[in-house]
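J.: This is the structure, below, for whatever I ask next.
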Amino acid sequence: MLLFFWVYQLDKTAVKCYTSSPMSTKPENPRSIIKIYSQAIQSLKNTPKILLPFVIFAGIELFALLLLFLSPRAPLRPLFGPPIATIWGERFLHYPDNFFLLLKLESISRMFWSISVGSLLTGIAVAMLYKKPLSSAYKKYAALFLTVLILTALFYFSSKIAAVLLVKYFLAGHKTLIFLKPAYWLGPMLFGIRFLLAILIQAAFTYAIPIIIATEVKFFKAIFRSFVFLKNNFLATILLVGLPMLIAVPLLVLGSNPFLLMDRLFPEAILLLAIVGIIVNSLIIDPLITIATALFYFNRQDKK
Amino acid sequence: MKLIAKICWALCLVFLAGCGQDQYAIERQYYRVKKEAQTIFKSPRSIPPNQLQKTVGTLRGFALKYPQSNLAADAQFSIANLYAATENYADARTQLSKIISLYPKLNEIVAQAIFLKGGTYEAQNNWNSALAQYQKLMLEYPLTQRGAGMPLYIAQHYKAKFQPDKMIQAYRDAIAFYNGLAGKYPGTPLALQSQTLIAQCYGELKEWQNAISTLNTISAKYKDKVSMDGVLMNIALIYARELKDSLKATEALQRLIRDYPKSKLIDPAKKIIRDLEQSNGDPKDPR
């Protein structure tokens, strides 16, 4: 009964697709995955207001980025200057060195806003998708907040640990690791490891928000159910989460060597890169992953 | 509505920050000027003369527009460096003399200008004139970073040119110079730096006992003020590699491990101890 209610509450286009599409029987088929994306895009076309929480989040991020960009100048310098000088060094308050720090500050800002506001906005987007009252997201803010906090902390610390372990390994005197030299491991390989970690951790928690919004289960049970669902649909989930994230790879590669970008173009290119990054992450990747995984989850529940 | 208006005003003020002529705006302007100069530094022999004059003009204009900015001096030095890079040594020296007259009270800037003047003579293979500039720098500005480094610079010049007699004499002069500084300003960071340079000079002369004695003096005098883990490591390395005394090397390293348990040199120290034990047998073992 509950499952029927969920499906009934879903966006009409999505429901139509579930019942008519072959992907509901073979979701791991790559073609089926593409169909889920196309349904997600169709849902956004039919109900554009679902995109509103993501637009609000992008707006918040852009505003925060603008403040960070202006942080070395009056009247913001007295506020931002002391912590930047203490943590990273005084030189990052001067042109053009401030641009070396801008992407790092933007990433910290994104983490902060994702946990505090993004968690709620994602919950609201899922509630809109399921035609649930928005209050269902407000009331469960604590659970949404904790979910995104754990996800972010896990990714942050695991990527740090990966880097520290590699550095320690090579500092201990080892010349290679699986036939590759430190330059490869601490460059492209570490980049790849972090990217894989991001996909795995996001995949593990991606169903927790739909579960929290659509059911009355407690926070830990929602996380547990998300893990179980990932275990049962591993490949499909990895594809649903990983494919949109591939869009960000060129931006990540460009951002990994800010000096080159600044030298070849101009320092403000870093700011442009950060703006494009926010647009791509918050208006393309996040909505695609959130809506596609939410649709996929309910499709699977429906089958049961 | 009033609150919204106030918020809008506050936001406008914040965003107008990007339009002011503050230090940041000056730095941005200087970055562009410097970028223009960098194209000349990248290929100084293939640029047309009018491009050099144009860039020098831009740098000069910047220095005149913002004379109070610390970047003005940098712009003046960039002009001298541009002349030197394009082998206009006479113009470079004229520019450096101008810098000395512009900033007579800023010793570090004057010292740097004298040093670069010497460098232009060196580039023209005129060592005697260069040496005259370097000796002037040593005598008149011994407390500047450049002045303090000159005795070693001169000795290293002779070393690079394979002139051993002059090199040995230059190191002896350097030791005398640094002893004089250490004696004149005892207990100061300058004295510590001088003593360290004395040890380095003894190292260059391969007078290892004197080097160790100087490092021990540093350790005894400054251990309460500065971490001496690096000094102890140097003592250990001299004993191990130069004097082949693994027992004393191990003693120094064990002292390092005992006195500075949080030092970054702990792991390398332990590794050296292991290596010494492996190559010579356990030094603690009486056998």
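Going by the structure tokens order, chains are called A, B, ..., each with residues numbered from 1, while ligands are numbered from 1 in the order shown.
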Pull the helix (DSSP H, G or I) assignments for region 67-176 of chain A out of DSSP run on the backbone, and list those residues as a PyMOL selection string.

T.: chain A and resi 67-69+77-87+90-93+98-129+135-139+141-171

J.: Need to verify the contact set: Ala240 (chain B), 12 Å, only C-alpha atoms, exclusion of same-chain residues closer than 4 positions in sequence. Can you return it as a PyMOL selection string?

T.: chain B and resi 208+233-236+244-253+269+272-273+275-277+279-280

J.: Would you list which chain A residues are within 12 Å of chain B using only C-alpha atoms, as a count of residues only?

T.: 33

J.: Given the choices A:Phe157, A:Phe100, A:Tyr141, A:Tyr130, which gets closest to Ile201 (chain A) if the distance is worked out from only C-alpha atoms?

T.: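 Under the stated criterion, the closest residue is A:Phe157.
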
J.: Give me, as a ChimeraX atom specification, all polymer residues having an atom no more than 12 Å from region 217-229 of chain B, counting only C-alpha atoms and skipping those fewer than 4 positions away in the same chain.

T.: /B:182,186-189,191-199,210-213,233-236,252-266,268-269

J.: Given the selection you just returned, output its residues as a file containing N, CA and C atoms, formatted as a compact mmCIF listing (two decimals), in the first residue's frame.

T.:
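As a result, out34.txt now contains:
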```txt
# COMPACT_ATOMS: atom_id res chain seq x y z
N ALA B 182 79.85 37.97 15.01
CA ALA B 182 79.35 37.21 16.18
C ALA B 182 79.82 37.86 17.48
N PRO B 186 76.70 39.61 20.23
CA PRO B 186 76.55 38.27 20.84
C PRO B 186 75.10 37.97 21.25
N GLY B 187 74.73 36.71 21.11
CA GLY B 187 73.40 36.27 21.56
C GLY B 187 72.26 36.66 20.63
N THR B 188 72.57 37.32 19.50
CA THR B 188 71.51 37.75 18.58
C THR B 188 71.33 36.71 17.46
N PRO B 189 70.21 36.80 16.73
CA PRO B 189 70.04 35.91 15.58
C PRO B 189 71.17 36.07 14.56
N ALA B 191 74.29 36.71 15.27
CA ALA B 191 75.44 35.95 15.78
C ALA B 191 75.26 34.47 15.49
N LEU B 192 74.03 33.98 15.69
CA LEU B 192 73.74 32.56 15.40
C LEU B 192 73.99 32.25 13.92
N GLN B 193 73.49 33.17 13.05
CA GLN B 193 73.68 32.98 11.61
C GLN B 193 75.18 33.00 11.26
N SER B 194 75.92 33.92 11.90
CA SER B 194 77.36 34.04 11.64
C SER B 194 78.10 32.77 12.04
N GLN B 195 77.75 32.24 13.24
CA GLN B 195 78.40 31.01 13.71
C GLN B 195 78.11 29.84 12.76
N THR B 196 76.86 29.79 12.27
CA THR B 196 76.49 28.73 11.33
C THR B 196 77.31 28.84 10.05
N LEU B 197 77.50 30.08 9.58
CA LEU B 197 78.29 30.29 8.37
C LEU B 197 79.77 29.95 8.60
N ILE B 198 80.24 30.19 9.84
CA ILE B 198 81.63 29.82 10.17
C ILE B 198 81.79 28.30 10.04
N ALA B 199 80.81 27.57 10.59
CA ALA B 199 80.85 26.10 10.50
C ALA B 199 80.85 25.67 9.03
N ASN B 210 87.26 21.65 13.53
CA ASN B 210 86.86 23.04 13.78
C ASN B 210 85.36 23.22 13.52
N ALA B 211 84.87 22.57 12.45
CA ALA B 211 83.44 22.66 12.13
C ALA B 211 82.61 22.11 13.29
N ILE B 212 83.03 20.92 13.83
CA ILE B 212 82.29 20.31 14.94
C ILE B 212 82.37 21.18 16.18
N SER B 213 83.55 21.72 16.42
CA SER B 213 83.72 22.59 17.59
C SER B 213 82.79 23.80 17.49
N MET B 233 72.18 16.97 13.89
CA MET B 233 72.21 16.11 12.69
C MET B 233 73.49 16.39 11.89
N ASN B 234 73.84 17.68 11.76
CA ASN B 234 75.07 18.03 11.03
C ASN B 234 76.31 17.45 11.71
N ILE B 235 76.34 17.55 13.05
CA ILE B 235 77.48 16.98 13.79
C ILE B 235 77.58 15.48 13.50
N ALA B 236 76.42 14.81 13.58
CA ALA B 236 76.40 13.36 13.36
C ALA B 236 76.87 13.02 11.95
N ALA B 252 75.55 11.62 18.90
CA ALA B 252 74.89 12.88 18.51
C ALA B 252 73.44 12.61 18.10
N LEU B 253 73.23 11.53 17.35
CA LEU B 253 71.87 11.22 16.90
C LEU B 253 70.97 10.82 18.07
N GLN B 254 71.56 10.07 19.03
CA GLN B 254 70.76 9.68 20.20
C GLN B 254 70.39 10.90 21.04
N ARG B 255 71.32 11.86 21.07
CA ARG B 255 71.02 13.12 21.78
C ARG B 255 69.87 13.85 21.08
N LEU B 256 69.92 13.82 19.76
CA LEU B 256 68.84 14.46 18.97
C LEU B 256 67.50 13.81 19.29
N ILE B 257 67.49 12.46 19.31
CA ILE B 257 66.24 11.73 19.56
C ILE B 257 65.74 12.00 20.98
N ARG B 258 66.69 12.07 21.93
CA ARG B 258 66.31 12.29 23.34
C ARG B 258 65.82 13.72 23.58
N ASP B 259 66.56 14.70 23.04
CA ASP B 259 66.26 16.11 23.35
C ASP B 259 65.13 16.69 22.49
N TYR B 260 64.94 16.13 21.29
CA TYR B 260 63.90 16.69 20.38
C TYR B 260 62.99 15.58 19.86
N PRO B 261 62.19 15.01 20.76
CA PRO B 261 61.37 13.85 20.35
C PRO B 261 60.32 14.19 19.28
N LYS B 262 59.99 15.48 19.12
CA LYS B 262 58.97 15.85 18.12
C LYS B 262 59.59 16.33 16.80
N SER B 263 60.91 16.25 16.71
CA SER B 263 61.59 16.77 15.51
C SER B 263 61.25 15.94 14.27
N LYS B 264 61.26 16.63 13.12
CA LYS B 264 61.03 15.93 11.84
C LYS B 264 62.25 15.08 11.47
N LEU B 265 63.36 15.31 12.17
CA LEU B 265 64.58 14.57 11.85
C LEU B 265 64.70 13.25 12.61
N ILE B 266 63.68 12.94 13.42
CA ILE B 266 63.73 11.71 14.22
C ILE B 266 63.84 10.47 13.33
N PRO B 268 64.79 10.15 10.03
CA PRO B 268 66.10 10.03 9.38
C PRO B 268 67.21 9.66 10.37
N ALA B 269 67.13 10.20 11.61
CA ALA B 269 68.16 9.90 12.62
C ALA B 269 68.17 8.40 12.94
```

J.: For region 105-122 of chain B, list every protein, DNA or RNA residue within 8 Å, evaluated using only C-alpha atoms, and leave out those in the same chain fewer than 6 positions away; present the list as a list in words.

T.: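 Surrounding residues, per the criterion: Phe77, Ala84, Tyr89, Ala92, Arg93, Leu96, Ser97, Ile99, Ser129, Ala130, Leu131, Ala132, Gln133, Tyr134, Leu137, Tyr141, Thr144, Gln145, Arg146 and Gly147 of chain B.
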
J.: Got a sec: who's within 12 Å of Pro49 (chain B), counting only C-alpha atoms, leaving out chain neighbours fewer than 5 positions off, as a PDB file with C-alpha atoms, in the first residue's frame?

T.:
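Below is the file that was written, out.pdb:
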```pdb
ATOM      1  CA  ILE B  40      61.467  40.190 -22.501  1.00  0.00           C
ATOM      2  CA  PRO B  44      65.981  38.934 -24.123  1.00  0.00           C
ATOM      3  CA  LYS B  54      58.156  50.655 -24.019  1.00  0.00           C
ATOM      4  CA  THR B  55      58.297  48.186 -21.113  1.00  0.00           C
ATOM      5  CA  VAL B  56      60.855  50.301 -19.255  1.00  0.00           C
ATOM      6  CA  LEU B  82      65.653  44.277 -17.958  1.00  0.00           C
ATOM      7  CA  TYR B  83      68.717  46.302 -18.962  1.00  0.00           C
ATOM      8  CA  THR B  86      69.401  42.648 -22.645  1.00  0.00           C
ATOM      9  CA  GLU B  87      73.133  43.238 -21.970  1.00  0.00           C
ATOM     10  CA  ASN B  88      72.768  47.030 -21.568  1.00  0.00           C
TER      11      ASN B  88
END
```

J.: Considering only C-alpha atoms, can you say which of A:Met111, A:Arg300, A:Pro48, A:Arg225 comes closest to Leu129 (chain A)?

T.: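 Result for the nearest residue to Leu129 (chain A): A:Pro48.
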
J.: Quick one: pull the distance between CA of Pro244 (chain A) and CA of Gly59 (chain A), Å, one decimal.

T.: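 Answer for the CA of Pro244 (chain A) to CA of Gly59 (chain A) separation: 20.8 Å.
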
J.: In Å, how far is it from CA of Lys98 (chain B) to CA of Gln76 (chain B)?

T.: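 Separating CA of Lys98 (chain B) from CA of Gln76 (chain B) is a distance of 8.7 Å.
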
J.: Write out as a list in words the residues lying within 10 Å of Ser116 (chain A), counting only C-alpha atoms and excluding same-chain residues fewer than 6 positions away.

T.: Arg110, Tyr141, Ala142, Leu144, Phe145, Leu146, Val148 and Leu149 of chain A

J.: Using only C-alpha atoms, please write the residues we just selected to a file, as a PDB file, in the first residue's frame.

T.:
```pdb
ATOM      1  CA  ARG A 110      30.676  24.445  -0.709  1.00  0.00           C
ATOM      2  CA  TYR A 141      16.068  18.772   8.652  1.00  0.00           C
ATOM      3  CA  ALA A 142      18.118  17.236  11.473  1.00  0.00           C
ATOM      4  CA  LEU A 144      19.088  15.488   6.338  1.00  0.00           C
ATOM      5  CA  PHE A 145      21.758  17.645   7.978  1.00  0.00           C
ATOM      6  CA  LEU A 146      23.380  14.631   9.681  1.00  0.00           C
ATOM      7  CA  VAL A 148      25.147  15.259   4.443  1.00  0.00           C
ATOM      8  CA  LEU A 149      27.484  16.008   7.362  1.00  0.00           C
TER       9      LEU A 149
END
```

J.: CA of Leu252 (chain A) to CA of Ile275 (chain A): how many Å, to one decimal?

T.: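 Calculated distance between CA of Leu252 (chain A) and CA of Ile275 (chain A) is 12.8 Å.
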
J.: Give me the residues near Leu59 (chain B) as number ranges by chain, where near means some atom within 10 Å (using only C-alpha atoms) and where sequence neighbours in that chain fewer than 3 positions away do not count.

T.: B: 30, 33-34, 36-37, 53-56, 62-65, 72, 74-79
